[in-house]
Amino acid sequence: MNVTVDVVGEGTAEYDLAADATYADLIREAGYHPQEASVLVDGSPVPGDRVVDADEVRLLRLIKGGATDGGA
């Protein structure tokens with residue numbers, strides 16, 4: 001199954017997944033850990049253990065690097 005993933009603020013990529021892949025598998029395939037990202041289908045979050053059933057999703061990173069204070 002091909003899934004187009006729009007990583008919010010970072011771009012879009014396409015992934016080829018097994019028919020029984022879960023949304024947690026998709027998050028890992030995109031290079032993130034399921035605890036640091038959430039998948040949105042039609043604007044609503046979906047559980048990581050749910051089998052992927054959408055052709056297009058948005059991936060929202062929940063944890064990103066912080067800002068620095070310029071080394072002070």
# chains A, B, ... in the order shown; residues from 1 in each chain; ligands from 1
call {"tool": "residues_around", "arguments": {"residues": "A:Gly9", "least_positions_apart": "3", "cutoff": "12 Å", "atoms": "only C-alpha atoms", "output": "count of residues only"}}
result
8
call {"tool": "residues_around", "arguments": {"residues": "A:Tyr32", "least_positions_apart": "4", "cutoff": "12 Å", "atoms": "only C-alpha atoms", "output": "ChimeraX atom specification"}}
result
/A:7,23-28,36-39,59-64
call {"tool": "write_last_selection", "arguments": {"atoms": "N, CA, C and O atoms", "output": "mmCIF file, in the first residue's frame"}}
result
data_model
loop_
_atom_site.group_PDB
_atom_site.id
_atom_site.type_symbol
_atom_site.label_atom_id
_atom_site.label_comp_id
_atom_site.auth_asym_id
_atom_site.auth_seq_id
_atom_site.Cartn_x
_atom_site.Cartn_y
_atom_site.Cartn_z
ATOM 1 N N VAL A 7 4.580 15.623 6.432
ATOM 2 C CA VAL A 7 5.128 15.922 7.759
ATOM 3 C C VAL A 7 4.997 17.430 7.939
ATOM 4 O O VAL A 7 5.602 18.207 7.205
ATOM 5 N N TYR A 23 -0.315 2.420 12.001
ATOM 6 C CA TYR A 23 0.134 3.809 11.948
ATOM 7 C C TYR A 23 1.450 3.995 12.696
ATOM 8 O O TYR A 23 2.272 4.825 12.316
ATOM 9 N N ALA A 24 1.713 3.202 13.733
ATOM 10 C CA ALA A 24 3.010 3.250 14.409
ATOM 11 C C ALA A 24 4.113 2.801 13.453
ATOM 12 O O ALA A 24 5.209 3.388 13.430
ATOM 13 N N ASP A 25 3.837 1.786 12.640
ATOM 14 C CA ASP A 25 4.802 1.346 11.625
ATOM 15 C C ASP A 25 5.085 2.472 10.632
ATOM 16 O O ASP A 25 6.235 2.688 10.234
ATOM 17 N N LEU A 26 4.049 3.181 10.237
ATOM 18 C CA LEU A 26 4.205 4.295 9.298
ATOM 19 C C LEU A 26 5.074 5.392 9.904
ATOM 20 O O LEU A 26 5.948 5.942 9.239
ATOM 21 N N ILE A 27 4.850 5.704 11.163
ATOM 22 C CA ILE A 27 5.655 6.723 11.842
ATOM 23 C C ILE A 27 7.127 6.301 11.837
ATOM 24 O O ILE A 27 8.016 7.107 11.525
ATOM 25 N N ARG A 28 7.389 5.037 12.146
ATOM 26 C CA ARG A 28 8.769 4.538 12.140
ATOM 27 C C ARG A 28 9.359 4.608 10.733
ATOM 28 O O ARG A 28 10.522 4.992 10.560
ATOM 29 N N GLU A 36 7.071 10.361 19.547
ATOM 30 C CA GLU A 36 7.405 11.735 19.209
ATOM 31 C C GLU A 36 6.565 12.293 18.063
ATOM 32 O O GLU A 36 6.755 13.433 17.655
ATOM 33 N N ALA A 37 5.605 11.505 17.564
ATOM 34 C CA ALA A 37 4.795 11.965 16.438
ATOM 35 C C ALA A 37 3.412 11.341 16.503
ATOM 36 O O ALA A 37 3.212 10.290 17.109
ATOM 37 N N SER A 38 2.473 11.998 15.854
ATOM 38 C CA SER A 38 1.099 11.512 15.781
ATOM 39 C C SER A 38 0.628 11.627 14.338
ATOM 40 O O SER A 38 0.957 12.592 13.648
ATOM 41 N N VAL A 39 -0.143 10.641 13.896
ATOM 42 C CA VAL A 39 -0.692 10.670 12.543
ATOM 43 C C VAL A 39 -2.110 11.216 12.595
ATOM 44 O O VAL A 39 -2.914 10.828 13.444
ATOM 45 N N LEU A 59 1.549 13.947 9.353
ATOM 46 C CA LEU A 59 2.302 13.501 10.514
ATOM 47 C C LEU A 59 2.724 14.745 11.281
ATOM 48 O O LEU A 59 3.363 15.638 10.736
ATOM 49 N N LEU A 60 2.318 14.798 12.521
ATOM 50 C CA LEU A 60 2.597 15.947 13.374
ATOM 51 C C LEU A 60 3.637 15.539 14.406
ATOM 52 O O LEU A 60 3.401 14.647 15.219
ATOM 53 N N ARG A 61 4.803 16.177 14.326
ATOM 54 C CA ARG A 61 5.845 15.907 15.316
ATOM 55 C C ARG A 61 5.459 16.574 16.621
ATOM 56 O O ARG A 61 5.189 17.764 16.666
ATOM 57 N N LEU A 62 5.445 15.793 17.686
ATOM 58 C CA LEU A 62 5.070 16.303 19.000
ATOM 59 C C LEU A 62 6.275 16.799 19.774
ATOM 60 O O LEU A 62 6.154 17.629 20.660
ATOM 61 N N ILE A 63 7.444 16.279 19.428
ATOM 62 C CA ILE A 63 8.682 16.652 20.109
ATOM 63 C C ILE A 63 9.672 17.129 19.058
ATOM 64 O O ILE A 63 9.967 16.418 18.116
ATOM 65 N N LYS A 64 10.154 18.344 19.215
ATOM 66 C CA LYS A 64 11.177 18.888 18.321
ATOM 67 C C LYS A 64 12.277 19.490 19.169
ATOM 68 O O LYS A 64 12.080 19.750 20.358
#
call {"tool": "select_by_dssp", "arguments": {"residues": "chain A", "states": "alpha helix (DSSP H)", "output": "list in words"}}
result
Tyr23, Ala24, Asp25, Leu26, Ile27, Arg28 and Glu29 of chain A
call {"tool": "select_by_dssp", "arguments": {"residues": "chain A", "states": "strand (DSSP E)", "output": "VMD selection string"}}
result
chain A and resid 2 to 7 11 to 16 37 to 41 44 to 45 56 to 61
call {"tool": "closest_residue", "arguments": {"among": "A:Val8, A:Ala13, A:Met1, A:Ala18", "to": "A:Asp55", "atoms": "only C-alpha atoms"}}
result
A:Met1
call {"tool": "closest_residue", "arguments": {"among": "A:Pro47, A:Leu17, A:Asp53, A:Asp42", "to": "A:Ala30", "atoms": "only C-alpha atoms"}}
result
A:Leu17
call {"tool": "residues_around", "arguments": {"residues": "A:Asp16", "least_positions_apart": "3", "cutoff": "10 Å", "atoms": "only C-alpha atoms", "output": "list in words"}}
result
Met1, Asn2, Val3, Thr4, Ala19, Ala21, Leu26 and Glu29 of chain A
call {"tool": "write_last_selection", "arguments": {"atoms": "N, CA, C and O atoms", "output": "PDB file, in the first residue's frame"}}
result
ATOM      1  N   MET A   1       0.846  -1.167   0.000  1.00  0.00           N
ATOM      2  CA  MET A   1       0.000   0.000   0.000  1.00  0.00           C
ATOM      3  C   MET A   1       0.894   1.234   0.000  1.00  0.00           C
ATOM      4  O   MET A   1       1.823   1.324   0.795  1.00  0.00           O
ATOM      5  N   ASN A   2       0.621   2.176  -0.884  1.00  0.00           N
ATOM      6  CA  ASN A   2       1.351   3.434  -0.928  1.00  0.00           C
ATOM      7  C   ASN A   2       0.597   4.484  -0.127  1.00  0.00           C
ATOM      8  O   ASN A   2      -0.610   4.642  -0.278  1.00  0.00           O
ATOM      9  N   VAL A   3       1.344   5.190   0.732  1.00  0.00           N
ATOM     10  CA  VAL A   3       0.762   6.234   1.577  1.00  0.00           C
ATOM     11  C   VAL A   3       1.595   7.497   1.418  1.00  0.00           C
ATOM     12  O   VAL A   3       2.821   7.457   1.531  1.00  0.00           O
ATOM     13  N   THR A   4       0.915   8.605   1.145  1.00  0.00           N
ATOM     14  CA  THR A   4       1.570   9.902   1.078  1.00  0.00           C
ATOM     15  C   THR A   4       1.496  10.536   2.458  1.00  0.00           C
ATOM     16  O   THR A   4       0.422  10.648   3.036  1.00  0.00           O
ATOM     17  N   ALA A  19       0.446  -4.571   3.754  1.00  0.00           N
ATOM     18  CA  ALA A  19      -1.007  -4.431   3.881  1.00  0.00           C
ATOM     19  C   ALA A  19      -1.467  -4.394   5.342  1.00  0.00           C
ATOM     20  O   ALA A  19      -2.485  -3.779   5.649  1.00  0.00           O
ATOM     21  N   ALA A  21       0.323  -3.078   7.901  1.00  0.00           N
ATOM     22  CA  ALA A  21       1.099  -2.083   8.650  1.00  0.00           C
ATOM     23  C   ALA A  21       0.176  -1.193   9.482  1.00  0.00           C
ATOM     24  O   ALA A  21      -0.933  -0.858   9.066  1.00  0.00           O
ATOM     25  N   LEU A  26       4.049   3.181  10.237  1.00  0.00           N
ATOM     26  CA  LEU A  26       4.205   4.295   9.298  1.00  0.00           C
ATOM     27  C   LEU A  26       5.074   5.392   9.904  1.00  0.00           C
ATOM     28  O   LEU A  26       5.948   5.942   9.239  1.00  0.00           O
ATOM     29  N   GLU A  29       8.580   4.239   9.737  1.00  0.00           N
ATOM     30  CA  GLU A  29       9.047   4.273   8.347  1.00  0.00           C
ATOM     31  C   GLU A  29       9.431   5.697   7.942  1.00  0.00           C
ATOM     32  O   GLU A  29      10.366   5.900   7.158  1.00  0.00           O
TER      33      GLU A  29
END
call {"tool": "atom_distance", "arguments": {"atom1": "atom CA of A:Val51", "atom2": "atom CA of A:His33"}}
result
16.9 Å
call {"tool": "atom_distance", "arguments": {"atom1": "atom CA of A:Gly31", "atom2": "atom CA of A:Gly48"}}
result
14.8 Å
